[in-house]
$ cat final_21.tsv   # TSV, C-alpha atoms
chain	number	residue	atom	x	y	z
B	1147	MET	CA	53.03	-23.30	5.89
B	1148	ASP	CA	53.28	-24.64	9.45
B	1149	LEU	CA	52.17	-21.95	11.86
B	1150	ALA	CA	52.20	-24.13	14.98
B	1151	HIS	CA	55.29	-22.35	16.31
B	1152	LEU	CA	53.27	-19.15	16.57
B	1153	LEU	CA	50.73	-20.69	18.95
B	1154	PRO	CA	51.41	-20.45	22.72
B	1155	LYS	CA	52.45	-23.63	24.49
B	1156	PRO	CA	49.74	-25.04	26.83
B	1157	ASN	CA	51.07	-23.51	30.07
B	1158	GLU	CA	52.77	-20.48	28.58
B	1159	PRO	CA	51.13	-17.16	29.60
B	1160	THR	CA	49.83	-15.26	26.58
B	1161	SER	CA	50.12	-11.51	26.19
B	1162	ASP	CA	46.31	-11.40	26.55
B	1163	ASP	CA	46.57	-12.96	30.04
B	1164	THR	CA	48.86	-10.21	31.17
B	1165	VAL	CA	47.05	-7.25	29.56
B	1166	ILE	CA	43.34	-7.96	29.96
B	1167	ALA	CA	42.03	-7.87	33.48
B	1168	PRO	CA	39.21	-10.33	34.18
B	1169	ILE	CA	35.83	-8.60	34.01
B	1170	ALA	CA	33.85	-8.87	37.21
B	1171	TRP	CA	30.64	-10.84	36.76
B	1172	THR	CA	27.54	-8.81	37.52
B	1173	PRO	CA	23.90	-9.34	36.50
B	1174	GLU	CA	23.95	-5.88	34.88
B	1175	GLN	CA	26.87	-6.83	32.65
B	1176	GLN	CA	25.09	-9.98	31.54
B	1177	ILE	CA	22.01	-7.92	30.63
B	1178	ALA	CA	24.24	-5.48	28.74
B	1179	ARG	CA	25.88	-8.35	26.84
B	1180	MET	CA	22.49	-9.72	25.84
B	1181	LEU	CA	21.34	-6.28	24.66
B	1182	GLU	CA	24.55	-5.84	22.68
B	1183	LEU	CA	24.08	-9.27	21.16
B	1184	CYS	CA	20.54	-8.33	20.05
B	1185	GLU	CA	21.90	-5.12	18.52
B	1186	ALA	CA	24.66	-7.00	16.68
B	1187	GLN	CA	22.22	-9.61	15.37
B	1188	MET	CA	20.03	-6.85	13.96
B	1189	GLU	CA	22.98	-5.15	12.30
B	1190	SER	CA	24.10	-8.42	10.75
B	1191	ALA	CA	20.59	-9.22	9.44
B	1192	LEU	CA	20.17	-5.72	8.03
B	1193	SER	CA	23.53	-5.80	6.24
B	1194	GLU	CA	22.55	-9.11	4.65
B	1195	SER	CA	19.16	-7.74	3.60
B	1196	ASP	CA	20.67	-4.56	2.14
B	1197	VAL	CA	22.58	-6.61	-0.40
B	1198	ALA	CA	19.52	-8.70	-1.29
B	1199	VAL	CA	17.18	-5.68	-1.60
B	1200	ASP	CA	19.70	-3.89	-3.78
B	1201	GLU	CA	19.71	-6.87	-6.16
B	1202	LEU	CA	15.91	-7.02	-6.05
B	1203	ILE	CA	15.62	-3.34	-7.00
B	1204	LYS	CA	18.08	-3.78	-9.88
B	1205	SER	CA	16.06	-6.76	-11.21
B	1206	PHE	CA	12.82	-4.82	-10.79
B	1207	LYS	CA	14.21	-1.84	-12.68
B	1208	GLY	CA	15.50	-4.12	-15.45
B	1209	LEU	CA	12.11	-5.79	-15.86
B	1210	ILE	CA	10.29	-2.46	-16.08
B	1211	GLU	CA	12.76	-1.05	-18.61
B	1212	ALA	CA	12.41	-4.21	-20.72
B	1213	GLY	CA	8.61	-3.81	-20.60
B	1214	GLN	CA	8.83	-0.15	-21.63
B	1215	ALA	CA	11.16	-0.97	-24.51
B	1216	LEU	CA	8.81	-3.68	-25.71
B	1217	GLY	CA	5.83	-1.32	-25.50
B	1218	SER	CA	7.52	1.31	-27.65
B	1219	GLN	CA	8.24	-1.23	-30.40
B	1220	VAL	CA	4.93	-3.03	-30.76
B	1221	GLU	CA	1.59	-1.39	-31.61
B	1222	SER	CA	-1.13	-3.57	-30.18
B	1223	THR	CA	-4.19	-2.72	-28.08
B	1224	ASP	CA	-3.81	-5.88	-26.02
B	1225	LEU	CA	-0.20	-5.11	-25.27
B	1226	ALA	CA	-1.05	-1.51	-24.40
B	1227	GLN	CA	-3.59	-2.77	-21.85
B	1228	GLN	CA	-1.08	-5.19	-20.39
B	1229	LEU	CA	1.52	-2.43	-20.14
B	1230	ASP	CA	-1.00	-0.23	-18.37
B	1231	ALA	CA	-1.61	-3.02	-15.85
B	1232	LEU	CA	2.17	-3.37	-15.49
B	1233	ARG	CA	2.47	0.38	-14.79
B	1234	LYS	CA	-0.10	0.11	-11.98
B	1235	GLN	CA	1.71	-2.84	-10.46
B	1236	THR	CA	5.00	-0.99	-10.76
B	1237	ALA	CA	3.59	1.94	-8.79
B	1238	ALA	CA	2.41	-0.45	-6.06
B	1239	ALA	CA	5.89	-2.06	-5.98
B	1240	VAL	CA	7.57	1.36	-5.65
B	1241	VAL	CA	5.42	2.04	-2.56
B	1242	ALA	CA	6.16	-1.42	-1.13
B	1243	PHE	CA	9.93	-1.04	-1.62
B	1244	GLN	CA	9.89	2.11	0.47
B	1245	PHE	CA	8.78	0.11	3.49
B	1246	TYR	CA	12.21	-1.54	3.50
B	1247	ASP	CA	13.74	1.90	3.96
B	1248	LYS	CA	11.29	2.57	6.77
B	1249	LEU	CA	12.12	-0.80	8.34
B	1250	THR	CA	15.85	-0.01	8.22
B	1251	GLN	CA	15.24	3.35	9.83
B	1252	ARG	CA	13.02	1.92	12.58
B	1253	LEU	CA	15.43	-0.91	13.36
B	1254	GLY	CA	18.24	1.66	13.49
B	1255	HIS	CA	16.34	3.41	16.27
B	1256	VAL	CA	15.81	0.11	18.10
B	1257	ARG	CA	19.52	-0.67	17.80
B	1258	TYR	CA	20.40	2.70	19.27
B	1259	SER	CA	17.92	2.11	22.11
B	1260	LEU	CA	19.48	-1.28	22.89
B	1261	SER	CA	22.99	0.22	22.98
B	1262	ALA	CA	21.83	3.08	25.20
B	1263	MET	CA	20.10	0.62	27.52
B	1264	ALA	CA	23.21	-1.61	27.68
B	1265	MET	CA	25.31	1.35	28.87
B	1266	PHE	CA	22.61	2.54	31.23
B	1267	VAL	CA	22.10	-0.74	33.11
B	1268	CYS	CA	25.84	-1.06	33.73
B	1269	ASP	CA	25.79	2.23	35.61
B	1270	ARG	CA	24.31	0.99	38.90
B	1271	GLU	CA	24.10	4.45	40.43
B	1272	LYS	CA	22.20	5.88	37.46
B	1273	SER	CA	19.93	2.92	36.89
B	1274	SER	CA	18.77	2.94	40.52
B	1275	GLU	CA	17.36	6.46	40.23
B	1276	ARG	CA	13.84	6.99	38.92
B	1277	ASP	CA	14.70	10.41	37.51
B	1278	GLN	CA	17.52	8.95	35.41
B	1279	TRP	CA	15.07	6.45	33.90
B	1280	ARG	CA	12.75	9.33	33.07
B	1281	ARG	CA	15.65	11.08	31.32
B	1282	LEU	CA	16.51	7.95	29.37
B	1283	PHE	CA	12.91	7.58	28.17
B	1284	SER	CA	12.87	11.24	27.21
B	1285	THR	CA	16.03	10.77	25.11
B	1286	LEU	CA	14.63	7.68	23.43
B	1287	ARG	CA	11.30	9.39	22.72
B	1288	ARG	CA	13.11	12.01	20.61
B	1289	LEU	CA	14.70	9.21	18.63
B	1290	TYR	CA	11.39	7.85	17.36
B	1291	ARG	CA	10.22	9.92	14.42
B	1292	THR	CA	7.58	8.05	12.49
B	1293	GLU	CA	3.98	8.19	13.64
B	1294	GLU	CA	3.91	4.42	14.26
B	1295	GLU	CA	7.03	4.57	16.45
B	1296	ARG	CA	5.66	7.48	18.46
B	1297	GLN	CA	2.31	5.82	19.07
B	1298	LEU	CA	3.88	2.54	20.15
B	1299	PHE	CA	6.39	4.29	22.41
B	1300	LYS	CA	3.65	6.28	24.12
B	1301	LEU	CA	1.52	3.18	24.54
B	1302	MET	CA	4.32	1.21	26.21
B	1303	VAL	CA	5.56	4.07	28.38
B	1304	ASP	CA	1.99	4.67	29.52
B	1305	GLY	CA	1.98	1.10	30.82
B	1306	ALA	CA	0.35	-0.99	28.09
B	1307	THR	CA	0.89	-4.75	28.20
B	1308	ALA	CA	2.59	-6.66	25.37
B	1309	GLU	CA	-0.85	-8.00	24.41
B	1310	GLN	CA	-2.29	-4.46	24.14
B	1311	ALA	CA	0.70	-3.41	22.04
B	1312	ARG	CA	0.10	-6.36	19.69
B	1313	GLU	CA	-3.56	-5.33	19.30
B	1314	HIS	CA	-2.46	-1.78	18.50
B	1315	ILE	CA	0.03	-3.07	15.90
B	1316	GLN	CA	-2.66	-5.22	14.25
B	1317	GLN	CA	-4.96	-2.20	14.06
B	1318	SER	CA	-2.20	-0.02	12.61
B	1319	THR	CA	-1.45	-2.66	9.99
B	1320	LEU	CA	-5.10	-2.68	8.90
B	1321	THR	CA	-5.05	1.11	8.58
B	1322	LEU	CA	-1.83	0.89	6.59
B	1323	ARG	CA	-3.32	-1.64	4.18
B	1324	ALA	CA	-6.20	0.74	3.51
B	1325	ALA	CA	-3.94	3.78	2.94
B	1326	PRO	CA	-0.29	2.79	2.47
B	1327	THR	CA	1.06	6.16	1.28
B	1328	GLY	CA	1.85	9.25	3.33
B	1329	GLU	CA	0.27	12.68	3.36
B	1330	ILE	CA	1.27	15.61	1.16
B	1331	GLU	CA	1.07	19.22	2.28
B	1332	LEU	CA	2.05	22.24	0.24
B	1333	PHE	CA	2.96	25.34	2.24
X	1149	MET	CA	4.93	6.88	-17.12
X	1150	SER	CA	6.21	9.03	-19.95
X	1151	GLY	CA	7.20	12.66	-19.71
X	1152	SER	CA	5.94	15.65	-21.62
X	1153	PRO	CA	8.51	17.46	-23.81
X	1154	SER	CA	8.87	20.28	-21.26
X	1155	GLN	CA	9.82	17.81	-18.51
X	1156	HIS	CA	12.85	16.61	-20.49
X	1157	SER	CA	14.73	19.81	-19.76
X	1158	ARG	CA	13.87	19.86	-16.03
X	1159	VAL	CA	16.56	18.81	-13.58
X	1160	ILE	CA	15.61	17.49	-10.15
X	1161	LEU	CA	18.13	17.16	-7.33
X	1162	ALA	CA	17.10	14.15	-5.19
X	1163	VAL	CA	18.80	13.96	-1.78
X	1164	ASP	CA	18.56	10.87	0.44
X	1165	ASP	CA	21.09	8.83	2.42
X	1166	SER	CA	19.22	5.61	1.65
X	1167	ALA	CA	20.36	3.95	-1.58
X	1168	SER	CA	17.04	2.11	-2.05
X	1169	MET	CA	15.06	5.35	-1.64
X	1170	ARG	CA	17.30	7.14	-4.12
X	1171	GLN	CA	16.67	4.38	-6.63
X	1172	MET	CA	12.89	4.53	-6.16
X	1173	VAL	CA	12.86	8.32	-6.56
X	1174	ARG	CA	15.16	8.21	-9.57
X	1175	PHE	CA	13.15	5.46	-11.22
X	1176	THR	CA	9.87	7.34	-10.71
X	1177	LEU	CA	11.15	10.71	-11.92
X	1178	GLU	CA	13.12	9.43	-14.89
X	1179	SER	CA	10.11	7.41	-16.05
X	1180	ALA	CA	8.25	10.71	-16.23
X	1181	GLY	CA	10.98	12.36	-18.31
X	1182	TYR	CA	12.84	14.37	-15.67
X	1183	LYS	CA	16.60	14.45	-15.46
X	1184	VAL	CA	17.68	13.36	-11.99
X	1185	VAL	CA	20.86	14.17	-10.12
X	1186	GLN	CA	21.43	12.59	-6.74
X	1187	ALA	CA	23.20	13.42	-3.49
X	1188	VAL	CA	23.65	11.30	-0.36
X	1189	ASP	CA	23.38	14.17	2.14
X	1190	GLY	CA	22.96	17.92	2.52
X	1191	VAL	CA	26.65	18.70	2.12
X	1192	GLU	CA	26.92	16.90	-1.22
X	1193	ALA	CA	23.64	18.44	-2.40
X	1194	LEU	CA	24.70	21.96	-1.45
X	1195	ASP	CA	28.05	21.56	-3.21
X	1196	PHE	CA	26.30	20.39	-6.36
X	1197	ALA	CA	23.64	23.10	-6.24
X	1198	LYS	CA	26.28	25.82	-5.94
X	1199	GLN	CA	27.98	24.60	-9.11
X	1200	SER	CA	25.01	23.61	-11.30
X	1201	ALA	CA	21.47	24.89	-11.52
X	1202	VAL	CA	18.57	22.58	-10.69
X	1203	ASP	CA	14.84	23.19	-11.20
X	1204	LEU	CA	13.61	21.44	-8.07
X	1205	VAL	CA	15.06	19.95	-4.89
X	1206	LEU	CA	13.54	16.85	-3.30
X	1207	THR	CA	15.17	16.09	0.03
X	1208	ASP	CA	14.98	13.72	2.97
X	1209	VAL	CA	15.27	15.19	6.49
X	1210	ASN	CA	17.48	12.92	8.59
X	1211	MET	CA	20.85	12.50	6.93
X	1212	PRO	CA	24.45	12.47	8.15
X	1213	ARG	CA	26.62	15.63	7.93
X	1214	MET	CA	23.75	17.98	6.93
X	1215	ASP	CA	20.03	17.35	7.35
X	1216	GLY	CA	17.39	18.29	4.81
X	1217	ILE	CA	15.99	21.25	6.73
X	1218	THR	CA	19.44	22.84	7.01
X	1219	LEU	CA	19.95	22.19	3.30
X	1220	VAL	CA	16.71	24.02	2.44
X	1221	ARG	CA	17.71	26.94	4.68
X	1222	GLU	CA	21.19	27.13	3.13
X	1223	LEU	CA	19.81	27.00	-0.42
X	1224	ARG	CA	17.20	29.67	0.29
X	1225	GLY	CA	20.08	31.91	1.34
X	1226	LEU	CA	21.52	31.72	-2.16
X	1227	SER	CA	20.09	34.18	-4.66
X	1228	THR	CA	19.84	31.48	-7.37
X	1229	TYR	CA	17.60	29.29	-5.20
X	1230	LYS	CA	15.33	31.91	-3.71
X	1231	PHE	CA	12.33	30.79	-5.77
X	1232	THR	CA	13.26	27.18	-6.59
X	1233	PRO	CA	10.64	24.66	-5.40
X	1234	MET	CA	11.99	22.52	-2.55
X	1235	LEU	CA	10.00	19.52	-1.41
X	1236	VAL	CA	10.79	17.52	1.71
X	1237	LEU	CA	10.27	13.76	1.42
X	1238	THR	CA	10.48	12.13	4.83
X	1239	THR	CA	9.06	9.54	7.24
X	1240	GLU	CA	8.63	12.35	9.79
X	1241	SER	CA	5.06	13.46	10.18
X	1242	GLY	CA	5.43	15.41	13.43
X	1243	SER	CA	4.07	18.95	13.29
X	1244	ASP	CA	7.16	20.44	14.99
X	1245	THR	CA	9.57	19.19	12.33
X	1246	LYS	CA	7.13	20.13	9.58
X	1247	GLN	CA	6.93	23.64	11.01
X	1248	ARG	CA	10.74	23.87	11.06
X	1249	GLY	CA	10.77	22.83	7.39
X	1250	LYS	CA	8.23	25.48	6.52
X	1251	GLN	CA	10.22	28.15	8.36
X	1252	ALA	CA	13.40	27.09	6.57
X	1253	GLY	CA	11.67	27.75	3.25
X	1254	ALA	CA	10.40	24.36	2.07
X	1255	THR	CA	7.66	24.45	-0.56
X	1256	GLY	CA	5.94	21.31	0.65
X	1257	TRP	CA	6.08	18.21	2.84
X	1258	ILE	CA	5.61	14.67	1.57
X	1259	VAL	CA	5.46	11.81	4.06
X	1260	LYS	CA	7.03	8.51	2.93
X	1261	PRO	CA	6.10	6.16	1.47
X	1262	PHE	CA	5.21	8.20	-1.62
X	1263	SER	CA	2.88	7.12	-4.38
X	1264	PRO	CA	4.62	7.69	-7.76
X	1265	GLU	CA	1.47	9.24	-9.20
X	1266	GLN	CA	1.04	11.68	-6.29
X	1267	LEU	CA	4.71	12.58	-6.24
X	1268	LEU	CA	4.67	13.40	-9.95
X	1269	SER	CA	1.48	15.43	-9.71
X	1270	THR	CA	2.88	17.40	-6.75
X	1271	ILE	CA	6.11	18.12	-8.63
X	1272	ALA	CA	4.17	19.20	-11.73
X	1273	ARG	CA	2.13	21.52	-9.54
X	1274	VAL	CA	5.08	23.33	-7.96
X	1275	LEU	CA	7.37	23.49	-11.00
$ encode --input "final_21.tsv" --output "structure tokens"
Amino acid sequence: MDLAHLLPKPNEPTSDDTVIAPIAWTPEQQIARMLELCEAQMESALSESDVAVDELIKSFKGLIEAGQALGSQVESTDLAQQLDALRKQTAAAVVAFQFYDKLTQRLGHVRYSLSAMAMFVCDREKSSERDQWRRLFSTLRRLYRTEEERQLFKLMVDGATAEQAREHIQQSTLTLRAAPTGEIELF
Amino acid sequence: MSGSPSQHSRVILAVDDSASMRQMVRFTLESAGYKVVQAVDGVEALDFAKQSAVDLVLTDVNMPRMDGITLVRELRGLSTYKFTPMLVLTTESGSDTKQRGKQAGATGWIVKPFSPEQLLSTIARVL
């Protein structure tokens, strides 16, 4: 079907020209656009990963169920040992999969921070007041809920350099490798 | 992970808004012989719990519509759930939130990521 007749002629004003007022160019708006772009890129990457991780979990579950079914059918000491090793690896994989959930949650907080910052910088009156910045940081602090997020936030707000933050992250990663699972407390 | 005969009759309500977490919890508990029912938030969990009895509730904290701490408080208000074990499974390790969970009536607090072995032993302990 030829849809050329629907397109505006070169010098014909479009409805968009008449409705949308040109946005004034300001450095703050450019910063906001960049922050919004970062936020959108994260959302896009996460949506893509969600689909892939879902497939990965289904495959993982299928493999384990197949292993369990095999184990219940065959009586062999060797196979029993191999299934025991498989069970241990499965437990490690269950822990590892949960870090994807943690990643999604942490990136969600970063996305919110970027959106909040984009709105904040566009408000010249607000962003020129020190007290308003303090309020913004206070709001964002409440957003971060995992121990790692809190520590990093405090470090940066207290004035750490990017290099110091990297060192802190490396140290945290080492600690995590030694003890990847969380604490349990019964009341 | 295979369950003892008594575990086969136990029903656990697992509440989490993350699909991948729900799958990990379900996989772990079913492998141990528990029957698992799932809810995506506190509202769905509360609706289910009012209609069917469960033996244990395992809930996340931060969820849309109704968070896990509110869910625990609401369930504790029902006579049928006064003594049901309720475990909170969350990434939050802050003492303030933990304290709020305790006050709401939670039985225990498990910080994610969980180890399947530790989760199962904790559940066995409180059931």
$ residues_around --input "final_21.tsv" --residues "Ala1262 (chain B)" --least-positions-apart "6" --cutoff "12 Å" --atoms "all atoms listed in the file" --output "list in words"
Ala1178, Leu1181, Glu1182, Glu1185, His1255, Val1256, Cys1268, Asp1269, Ser1273, Trp1279, Arg1281, Leu1282, Phe1283, Thr1285, Leu1286 and Leu1289 of chain B
$ interface_residues --input "final_21.tsv" --of "chain X" --to "chain B" --cutoff "6 Å" --atoms "only C-alpha atoms" --output "PDB file with C-alpha atoms, keeping the file's coordinate frame"
ATOM      1  CA  THR X1239       9.060   9.540   7.240  1.00  0.00           C
ATOM      2  CA  GLU X1240       8.630  12.350   9.790  1.00  0.00           C
ATOM      3  CA  THR X1255       7.660  24.450  -0.560  1.00  0.00           C
ATOM      4  CA  GLY X1256       5.940  21.310   0.650  1.00  0.00           C
ATOM      5  CA  TRP X1257       6.080  18.210   2.840  1.00  0.00           C
ATOM      6  CA  ILE X1258       5.610  14.670   1.570  1.00  0.00           C
ATOM      7  CA  VAL X1259       5.460  11.810   4.060  1.00  0.00           C
ATOM      8  CA  LYS X1260       7.030   8.510   2.930  1.00  0.00           C
ATOM      9  CA  PRO X1261       6.100   6.160   1.470  1.00  0.00           C
ATOM     10  CA  PHE X1262       5.210   8.200  -1.620  1.00  0.00           C
ATOM     11  CA  SER X1263       2.880   7.120  -4.380  1.00  0.00           C
ATOM     12  CA  PRO X1264       4.620   7.690  -7.760  1.00  0.00           C
TER      13      PRO X1264
END
$ residues_around --input "final_21.tsv" --residues "Ser1157 (chain X)" --least-positions-apart "5" --cutoff "10 Å" --atoms "only C-alpha atoms" --output "PyMOL selection string"
chain X and resi 1152+1181-1183+1203
$ atom_distance --input "final_21.tsv" --atom1 "CA of Val1274 (chain X)" --atom2 "CA of Pro1233 (chain X)"
6.3 Å
$ closest_residue --input "final_21.tsv" --among "B:Ile1177, B:Thr1319, B:Trp1171, B:Gly1208" --to "Phe1266 (chain B)" --atoms "all atoms listed in the file"
B:Ile1177
$ atom_distance --input "final_21.tsv" --atom1 "CA of Glu1271 (chain B)" --atom2 "CA of Thr1307 (chain B)"
27.8 Å
$ residues_around --input "final_21.tsv" --residues "Leu1235 (chain X)" --least-positions-apart "5" --cutoff "12 Å" --atoms "only C-alpha atoms" --output "ChimeraX atom specification"
/B:1330-1333 /X:1160-1163,1203-1209,1216-1217,1219-1220,1246,1249-1250,1252-1259,1267-1268,1270-1275
$ axis_aligned_box --input "final_21.tsv" --around "region 1228-1247 of chain X" --padding-each-side "8 Å" --output "JSON"
{"center_x": 12.0, "center_y": 20.7, "center_z": 3.8, "size_x": 31.8, "size_y": 38.4, "size_z": 38.4}
$ closest_residue --input "final_21.tsv" --among "X:Leu1177, X:Val1202, X:Met1169, X:Val1188" --to "Met1234 (chain X)" --atoms "all atoms listed in the file"
X:Val1202
$ atom_distance --input "final_21.tsv" --atom1 "CA of Gly1190 (chain X)" --atom2 "CA of Gln1266 (chain X)"
24.4 Å
$ residues_around --input "final_21.tsv" --residues "Ala1201 (chain X)" --least-positions-apart "6" --cutoff "9 Å" --atoms "only C-alpha atoms" --output "NGL selection string"
:X and (1159 or 1228-1229)
$ residues_near_point --input "final_21.tsv" --point "(22.6, -3.4, 15.5)" --cutoff "9 Å" --atoms "only C-alpha atoms" --output "number ranges by chain"
B: 1182-1192, 1253-1254, 1256-1258, 1260-1261
$ build_atoms --input "final_21.tsv" --residues "region 1183-1206 of chain X" --atoms "N, CA and C atoms" --output "PDB file, keeping the file's coordinate frame"
ATOM      1  N   LYS X1183      15.201  14.810 -15.626  1.00  0.00           N
ATOM      2  CA  LYS X1183      16.600  14.450 -15.460  1.00  0.00           C
ATOM      3  C   LYS X1183      16.870  14.489 -13.956  1.00  0.00           C
ATOM      4  N   VAL X1184      17.485  13.434 -13.443  1.00  0.00           N
ATOM      5  CA  VAL X1184      17.680  13.360 -11.990  1.00  0.00           C
ATOM      6  C   VAL X1184      19.161  13.352 -11.636  1.00  0.00           C
ATOM      7  N   VAL X1185      19.519  14.230 -10.697  1.00  0.00           N
ATOM      8  CA  VAL X1185      20.860  14.170 -10.120  1.00  0.00           C
ATOM      9  C   VAL X1185      20.671  13.830  -8.641  1.00  0.00           C
ATOM     10  N   GLN X1186      21.629  13.067  -8.102  1.00  0.00           N
ATOM     11  CA  GLN X1186      21.430  12.590  -6.740  1.00  0.00           C
ATOM     12  C   GLN X1186      22.555  13.011  -5.797  1.00  0.00           C
ATOM     13  N   ALA X1187      22.205  13.134  -4.519  1.00  0.00           N
ATOM     14  CA  ALA X1187      23.200  13.420  -3.490  1.00  0.00           C
ATOM     15  C   ALA X1187      22.854  12.590  -2.260  1.00  0.00           C
ATOM     16  N   VAL X1188      23.883  12.179  -1.511  1.00  0.00           N
ATOM     17  CA  VAL X1188      23.650  11.300  -0.360  1.00  0.00           C
ATOM     18  C   VAL X1188      23.402  12.059   0.942  1.00  0.00           C
ATOM     19  N   ASP X1189      23.681  13.358   0.948  1.00  0.00           N
ATOM     20  CA  ASP X1189      23.380  14.170   2.140  1.00  0.00           C
ATOM     21  C   ASP X1189      23.365  15.653   1.769  1.00  0.00           C
ATOM     22  N   GLY X1190      23.079  16.487   2.762  1.00  0.00           N
ATOM     23  CA  GLY X1190      22.960  17.920   2.520  1.00  0.00           C
ATOM     24  C   GLY X1190      24.234  18.565   2.011  1.00  0.00           C
ATOM     25  N   VAL X1191      25.363  18.100   2.517  1.00  0.00           N
ATOM     26  CA  VAL X1191      26.650  18.700   2.120  1.00  0.00           C
ATOM     27  C   VAL X1191      26.889  18.473   0.629  1.00  0.00           C
ATOM     28  N   GLU X1192      26.704  17.231   0.196  1.00  0.00           N
ATOM     29  CA  GLU X1192      26.920  16.900  -1.220  1.00  0.00           C
ATOM     30  C   GLU X1192      25.925  17.663  -2.098  1.00  0.00           C
ATOM     31  N   ALA X1193      24.679  17.748  -1.637  1.00  0.00           N
ATOM     32  CA  ALA X1193      23.640  18.440  -2.400  1.00  0.00           C
ATOM     33  C   ALA X1193      23.956  19.930  -2.540  1.00  0.00           C
ATOM     34  N   LEU X1194      24.391  20.526  -1.438  1.00  0.00           N
ATOM     35  CA  LEU X1194      24.700  21.960  -1.450  1.00  0.00           C
ATOM     36  C   LEU X1194      25.877  22.253  -2.382  1.00  0.00           C
ATOM     37  N   ASP X1195      26.885  21.399  -2.312  1.00  0.00           N
ATOM     38  CA  ASP X1195      28.050  21.560  -3.210  1.00  0.00           C
ATOM     39  C   ASP X1195      27.612  21.508  -4.664  1.00  0.00           C
ATOM     40  N   PHE X1196      26.756  20.533  -4.975  1.00  0.00           N
ATOM     41  CA  PHE X1196      26.300  20.390  -6.360  1.00  0.00           C
ATOM     42  C   PHE X1196      25.482  21.603  -6.785  1.00  0.00           C
ATOM     43  N   ALA X1197      24.542  21.997  -5.909  1.00  0.00           N
ATOM     44  CA  ALA X1197      23.640  23.100  -6.240  1.00  0.00           C
ATOM     45  C   ALA X1197      24.375  24.423  -6.457  1.00  0.00           C
ATOM     46  N   LYS X1198      25.505  24.576  -5.775  1.00  0.00           N
ATOM     47  CA  LYS X1198      26.280  25.820  -5.940  1.00  0.00           C
ATOM     48  C   LYS X1198      26.979  25.865  -7.298  1.00  0.00           C
ATOM     49  N   GLN X1199      27.249  24.660  -7.833  1.00  0.00           N
ATOM     50  CA  GLN X1199      27.980  24.600  -9.110  1.00  0.00           C
ATOM     51  C   GLN X1199      27.087  24.470 -10.326  1.00  0.00           C
ATOM     52  N   SER X1200      25.927  23.816 -10.162  1.00  0.00           N
ATOM     53  CA  SER X1200      25.010  23.610 -11.300  1.00  0.00           C
ATOM     54  C   SER X1200      23.592  23.960 -10.889  1.00  0.00           C
ATOM     55  N   ALA X1201      22.853  24.502 -11.830  1.00  0.00           N
ATOM     56  CA  ALA X1201      21.470  24.890 -11.520  1.00  0.00           C
ATOM     57  C   ALA X1201      20.539  23.686 -11.573  1.00  0.00           C
ATOM     58  N   VAL X1202      19.607  23.623 -10.641  1.00  0.00           N
ATOM     59  CA  VAL X1202      18.570  22.580 -10.690  1.00  0.00           C
ATOM     60  C   VAL X1202      17.203  23.264 -10.620  1.00  0.00           C
ATOM     61  N   ASP X1203      16.175  22.583 -11.148  1.00  0.00           N
ATOM     62  CA  ASP X1203      14.840  23.190 -11.200  1.00  0.00           C
ATOM     63  C   ASP X1203      14.007  22.885  -9.962  1.00  0.00           C
ATOM     64  N   LEU X1204      14.360  21.793  -9.273  1.00  0.00           N
ATOM     65  CA  LEU X1204      13.610  21.440  -8.070  1.00  0.00           C
ATOM     66  C   LEU X1204      14.493  20.588  -7.156  1.00  0.00           C
ATOM     67  N   VAL X1205      14.311  20.764  -5.857  1.00  0.00           N
ATOM     68  CA  VAL X1205      15.060  19.950  -4.890  1.00  0.00           C
ATOM     69  C   VAL X1205      14.061  19.088  -4.125  1.00  0.00           C
ATOM     70  N   LEU X1206      14.378  17.796  -4.043  1.00  0.00           N
ATOM     71  CA  LEU X1206      13.540  16.850  -3.300  1.00  0.00           C
ATOM     72  C   LEU X1206      14.442  16.218  -2.260  1.00  0.00           C
TER      73      LEU X1206
END
